[in-house]
>>> print(open('final-v2.txt').read())   # compact mmCIF, C-alpha atoms
# COMPACT_ATOMS: atom_id res chain seq x y z
CA MET A 18 -92.63 -43.25 22.78
CA ILE A 19 -94.72 -42.36 25.82
CA GLU A 20 -93.71 -39.00 27.31
CA GLN A 21 -94.83 -39.79 30.85
CA ALA A 22 -93.40 -42.24 33.35
CA VAL A 23 -94.31 -43.70 36.70
CA ILE A 24 -91.61 -44.81 39.09
CA ILE A 25 -93.16 -46.91 41.79
CA ASP A 26 -91.79 -48.64 44.86
CA PHE A 27 -92.72 -52.29 45.30
CA LEU A 28 -93.03 -53.46 48.90
CA GLY A 29 -95.67 -51.56 50.87
CA THR A 30 -96.60 -49.42 47.89
CA ILE A 31 -98.15 -51.94 45.49
CA VAL A 32 -97.55 -55.16 47.45
CA ASP A 33 -98.78 -55.90 50.95
CA PRO A 34 -95.54 -56.54 52.90
CA VAL A 35 -97.19 -59.15 55.15
CA ARG A 36 -99.08 -61.25 52.57
CA LEU A 37 -96.70 -60.48 49.65
CA LYS A 38 -99.69 -59.97 47.36
CA LEU A 39 -100.53 -56.96 45.25
CA TYR A 40 -103.29 -54.84 46.73
CA PRO A 41 -106.40 -55.71 44.62
CA GLU A 42 -107.26 -52.05 43.91
CA THR A 43 -103.68 -51.45 42.81
CA ILE A 44 -103.79 -53.91 39.91
CA GLU A 45 -106.63 -51.94 38.33
CA ALA A 46 -104.77 -48.66 39.01
CA LEU A 47 -101.62 -49.97 37.30
CA GLU A 48 -103.65 -51.04 34.27
CA GLU A 49 -105.11 -47.52 34.11
CA LEU A 50 -101.66 -45.92 34.39
CA LYS A 51 -100.28 -48.23 31.68
CA LYS A 52 -102.55 -46.52 29.14
CA SER A 53 -100.57 -43.25 29.37
CA PHE A 54 -97.34 -43.98 31.25
CA ASP A 55 -94.25 -46.18 31.07
CA ILE A 56 -94.22 -47.86 34.50
CA PHE A 57 -90.96 -48.66 36.28
CA ILE A 58 -90.37 -50.37 39.61
CA SER A 59 -87.60 -49.00 41.81
CA SER A 60 -86.96 -51.14 44.87
CA ARG A 61 -84.41 -52.17 47.46
CA LEU A 62 -85.43 -55.80 46.86
CA SER A 63 -83.70 -57.83 44.17
CA SER A 64 -85.12 -57.37 40.68
CA ALA A 65 -85.18 -61.18 40.21
CA PHE A 66 -87.44 -61.56 43.27
CA ILE A 67 -89.79 -58.84 41.99
CA GLU A 68 -89.87 -60.17 38.42
CA ASN A 69 -90.62 -63.71 39.65
CA HIS A 70 -93.39 -62.36 41.86
CA LEU A 71 -94.91 -60.40 38.96
CA GLU A 72 -94.57 -63.39 36.62
CA ARG A 73 -96.47 -65.65 39.03
CA GLN A 74 -99.33 -63.13 39.08
CA ASN A 75 -99.27 -62.53 35.29
CA LEU A 76 -98.45 -58.86 35.81
CA LYS A 77 -94.94 -58.56 34.35
CA ASP A 78 -96.20 -56.98 31.10
CA ILE A 79 -97.53 -53.94 32.98
CA PHE A 80 -94.00 -52.78 33.79
CA PHE A 81 -91.49 -51.28 31.38
CA LEU A 82 -88.47 -52.14 33.55
CA VAL A 83 -87.74 -53.32 37.09
CA TYR A 84 -84.79 -51.92 39.04
CA GLY A 85 -83.69 -53.66 42.22
CA ARG A 86 -80.87 -53.39 44.74
CA GLU A 87 -78.33 -54.82 42.29
CA ASP A 88 -79.04 -51.84 39.99
CA GLY A 89 -77.93 -49.28 42.58
CA ASP A 90 -79.88 -47.06 44.94
CA LYS A 91 -83.08 -45.13 44.20
CA ASN A 92 -81.12 -42.16 42.83
CA ASP A 93 -79.28 -44.50 40.42
CA HIS A 94 -82.61 -45.96 39.30
CA ILE A 95 -84.05 -42.52 38.59
CA ASP A 96 -80.92 -41.42 36.73
CA LYS A 97 -81.19 -44.52 34.50
CA ILE A 98 -84.87 -43.87 33.84
CA LEU A 99 -84.24 -40.22 32.99
CA ARG A 100 -81.61 -41.30 30.45
CA LEU A 101 -84.00 -43.82 28.85
CA GLY A 102 -86.54 -41.32 27.64
CA ASP A 103 -87.41 -37.68 27.34
CA TYR A 104 -90.21 -37.81 29.88
CA GLU A 105 -92.12 -34.58 30.46
CA LYS A 106 -93.86 -35.82 33.60
CA ILE A 107 -92.73 -38.47 36.07
CA LEU A 108 -94.93 -39.69 38.91
CA TYR A 109 -92.85 -40.99 41.79
CA ILE A 110 -95.10 -43.18 43.96
CA THR A 111 -93.92 -44.65 47.26
CA ASN A 112 -95.03 -45.22 50.83
CA ALA A 113 -91.86 -43.99 52.52
CA LEU A 114 -90.85 -40.52 53.66
CA GLU A 115 -87.13 -41.13 53.08
CA GLU A 116 -87.68 -41.45 49.33
CA PHE A 117 -88.16 -37.71 48.98
CA THR A 118 -84.54 -36.66 48.91
CA ILE A 119 -84.57 -37.19 45.14
CA LYS A 120 -84.90 -33.98 43.17
CA ASP A 121 -85.91 -33.37 39.56
CA HIS A 122 -88.35 -30.71 38.36
CA ARG A 123 -90.33 -33.34 36.41
CA LEU A 124 -91.05 -35.49 39.48
CA ILE A 125 -94.55 -35.38 40.93
CA LYS A 126 -94.13 -36.96 44.35
CA VAL A 127 -96.93 -39.14 45.68
CA VAL A 128 -97.23 -41.14 48.90
CA VAL A 129 -99.85 -43.88 49.22
CA ASN A 130 -100.85 -46.38 51.89
CA ILE A 131 -99.77 -44.23 54.85
CA HIS A 132 -100.80 -45.60 58.24
CA LYS A 133 -98.96 -43.23 60.53
CA HIS A 134 -99.01 -39.47 60.58
CA GLU A 135 -95.83 -38.06 59.12
CA LEU A 136 -95.01 -34.61 57.87
CA PHE A 137 -94.11 -34.63 54.21
CA PRO A 138 -92.39 -31.84 52.32
CA GLU A 139 -94.57 -29.27 50.59
CA GLY A 140 -95.83 -30.39 47.22
CA VAL A 141 -96.04 -34.10 48.06
CA MET A 142 -99.46 -35.64 47.42
CA VAL A 143 -100.41 -37.91 50.34
CA PHE A 144 -103.08 -40.63 50.37
CA LYS A 145 -103.92 -42.99 53.26
CA ASP A 146 -105.21 -45.74 51.00
CA PRO A 147 -103.36 -48.09 48.62
CA LEU A 148 -103.01 -46.93 45.02
CA SER A 149 -106.38 -47.15 43.26
CA VAL A 150 -108.02 -45.86 40.08
CA LYS A 151 -109.64 -43.10 42.17
CA ILE A 152 -106.23 -41.97 43.43
CA VAL A 153 -104.72 -42.21 39.92
CA LYS A 154 -107.44 -39.87 38.63
CA GLN A 155 -106.80 -37.41 41.48
CA ILE A 156 -103.06 -37.44 40.75
CA ILE A 157 -103.49 -36.93 37.00
CA GLU A 158 -106.05 -34.17 37.42
CA GLY A 159 -103.68 -32.43 39.82
>>> encode(input="final-v2.txt", output="structure tokens")
Amino acid sequence: MIEQAVIIDFLGTIVDPVRLKLYPETIEALEELKKSFDIFISSRLSSAFIENHLERQNLKDIFFLVYGREDGDKNDHIDKILRLGDYEKILYITNALEEFTIKDHRLIKVVVNIHKHELFPEGVMVFKDPLSVKIVKQIIEG
């Protein structure tokens, strides 16, 4: 079993909310993460919508599990993921400030694709660009 996990938001984080397409640089980043991490989606959208979207783009195999609104809120998703495995490190990647109320000492909090200046809590890694291999390497190297 992999001892590292990535919990990633869907809309705005890996998918352009206007075009409903994955950011091109993000597909490569997810493939890079898949080598060392179990990847989960945690979203307020329905899991069926997300899974259909991923299926159409032949990307469903990248993700370990998809949690949507019918699976509870973000805290419920994280609780379920924490019970699934004994993960030593968990990257939590989103594009929204409100996601950072979730607390667990294993979470490394990352914000990508930020277009407006917001103040994030100390310890949150912030990137203006969509998730890319370059950003993945920066996150992993610390």
>>> atom_distance(input="final-v2.txt", atom1="CA of Arg100 in chain A", atom2="CA of Lys120 in chain A")
15.0 Å
>>> closest_residue(input="final-v2.txt", among="A:Ser53, A:Thr111, A:Ser64, A:Thr43", to="Val150 in chain A", atoms="all atoms listed in the file")
A:Thr43
>>> residues_around(input="final-v2.txt", residues="Met142 in chain A", least_positions_apart="5", cutoff="9 Å", atoms="all atoms listed in the file", output="list of chain:residue names")
A:Ile125, A:Lys126, A:Val127, A:Val128, A:Val129, A:Phe137, A:Ile156
>>> write_last_selection(input="final-v2.txt", atoms="C-alpha atoms", output="compact mmCIF listing (two decimals), in the frame of the given file")
# COMPACT_ATOMS: atom_id res chain seq x y z
CA ILE A 125 -94.55 -35.38 40.93
CA LYS A 126 -94.13 -36.96 44.35
CA VAL A 127 -96.93 -39.14 45.68
CA VAL A 128 -97.23 -41.14 48.90
CA VAL A 129 -99.85 -43.88 49.22
CA PHE A 137 -94.11 -34.63 54.21
CA ILE A 156 -103.06 -37.44 40.75
>>> residues_around(input="final-v2.txt", residues="Ile79 in chain A", least_positions_apart="6", cutoff="8 Å", atoms="all atoms listed in the file", output="JSON, numbers by chain")
{"A": [47, 48, 51, 56]}
>>> atom_distance(input="final-v2.txt", atom1="CA of Glu42 in chain A", atom2="CA of His70 in chain A")
17.4 Å
>>> atom_distance(input="final-v2.txt", atom1="CA of Leu39 in chain A", atom2="CA of Phe27 in chain A")
9.1 Å
>>> residues_around(input="final-v2.txt", residues="Asn130 in chain A", least_positions_apart="5", cutoff="7 Å", atoms="only C-alpha atoms", output="PDB file with C-alpha atoms, keeping the file's coordinate frame")
ATOM      1  CA  THR A  30     -96.600 -49.420  47.890  1.00  0.00           C
ATOM      2  CA  ASN A 112     -95.030 -45.220  50.830  1.00  0.00           C
ATOM      3  CA  PHE A 144    -103.080 -40.630  50.370  1.00  0.00           C
ATOM      4  CA  LYS A 145    -103.920 -42.990  53.260  1.00  0.00           C
ATOM      5  CA  ASP A 146    -105.210 -45.740  51.000  1.00  0.00           C
ATOM      6  CA  PRO A 147    -103.360 -48.090  48.620  1.00  0.00           C
TER       7      PRO A 147
END
>>> closest_residue(input="final-v2.txt", among="A:Lys97, A:Ser59, A:Gln74, A:Leu50", to="Leu37 in chain A", atoms="all atoms listed in the file")
A:Gln74
>>> axis_aligned_box(input="final-v2.txt", around="range 104-113 of chain A", padding_each_side="3 Å", output="JSON")
{"center_x": -92.7, "center_y": -39.9, "center_z": 41.2, "size_x": 10.9, "size_y": 16.6, "size_z": 28.6}
>>> closest_residue(input="final-v2.txt", among="A:Leu62, A:Phe54, A:Leu82, A:Pro138", to="Pro34 in chain A", atoms="only C-alpha atoms")
A:Leu62
>>> build_atoms(input="final-v2.txt", residues="range 49-70 of chain A", atoms="N, CA and C atoms", output="tab-separated table (two decimals), in the frame of the given file")
chain	number	residue	atom	x	y	z
A	49	GLU	N	-104.69	-48.86	34.54
A	49	GLU	CA	-105.11	-47.52	34.11
A	49	GLU	C	-103.89	-46.65	33.79
A	50	LEU	N	-102.88	-46.70	34.63
A	50	LEU	CA	-101.66	-45.92	34.39
A	50	LEU	C	-100.95	-46.37	33.12
A	51	LYS	N	-100.98	-47.66	32.84
A	51	LYS	CA	-100.28	-48.23	31.68
A	51	LYS	C	-100.78	-47.62	30.36
A	52	LYS	N	-102.00	-47.12	30.35
A	52	LYS	CA	-102.55	-46.52	29.14
A	52	LYS	C	-101.79	-45.26	28.71
A	53	SER	N	-101.21	-44.54	29.67
A	53	SER	CA	-100.57	-43.25	29.37
A	53	SER	C	-99.13	-43.12	29.86
A	54	PHE	N	-98.66	-44.09	30.62
A	54	PHE	CA	-97.34	-43.98	31.25
A	54	PHE	C	-96.50	-45.24	31.03
A	55	ASP	N	-95.18	-45.07	30.90
A	55	ASP	CA	-94.25	-46.18	31.07
A	55	ASP	C	-94.13	-46.37	32.57
A	56	ILE	N	-94.26	-47.60	33.05
A	56	ILE	CA	-94.22	-47.86	34.50
A	56	ILE	C	-92.95	-48.62	34.85
A	57	PHE	N	-92.21	-48.07	35.79
A	57	PHE	CA	-90.96	-48.66	36.28
A	57	PHE	C	-91.13	-49.01	37.76
A	58	ILE	N	-90.47	-50.08	38.18
A	58	ILE	CA	-90.37	-50.37	39.61
A	58	ILE	C	-88.96	-50.02	40.04
A	59	SER	N	-88.88	-49.32	41.17
A	59	SER	CA	-87.60	-49.00	41.81
A	59	SER	C	-87.69	-49.51	43.24
A	60	SER	N	-86.83	-50.48	43.57
A	60	SER	CA	-86.96	-51.14	44.87
A	60	SER	C	-85.60	-51.49	45.46
A	61	ARG	N	-85.61	-51.69	46.77
A	61	ARG	CA	-84.41	-52.17	47.46
A	61	ARG	C	-84.35	-53.70	47.46
A	62	LEU	N	-85.42	-54.34	47.01
A	62	LEU	CA	-85.43	-55.80	46.86
A	62	LEU	C	-84.69	-56.17	45.57
A	63	SER	N	-84.37	-57.43	45.40
A	63	SER	CA	-83.70	-57.83	44.17
A	63	SER	C	-84.70	-57.81	43.01
A	64	SER	N	-84.24	-57.42	41.84
A	64	SER	CA	-85.12	-57.37	40.68
A	64	SER	C	-85.60	-58.78	40.31
A	65	ALA	N	-84.78	-59.80	40.51
A	65	ALA	CA	-85.18	-61.18	40.21
A	65	ALA	C	-86.37	-61.59	41.08
A	66	PHE	N	-86.33	-61.25	42.36
A	66	PHE	CA	-87.44	-61.56	43.27
A	66	PHE	C	-88.72	-60.88	42.78
A	67	ILE	N	-88.62	-59.60	42.44
A	67	ILE	CA	-89.79	-58.84	41.99
A	67	ILE	C	-90.32	-59.40	40.67
A	68	GLU	N	-89.44	-59.65	39.72
A	68	GLU	CA	-89.87	-60.17	38.42
A	68	GLU	C	-90.53	-61.54	38.56
A	69	ASN	N	-90.00	-62.41	39.40
A	69	ASN	CA	-90.62	-63.71	39.65
A	69	ASN	C	-92.01	-63.54	40.26
A	70	HIS	N	-92.10	-62.63	41.20
A	70	HIS	CA	-93.39	-62.36	41.86
A	70	HIS	C	-94.42	-61.86	40.83
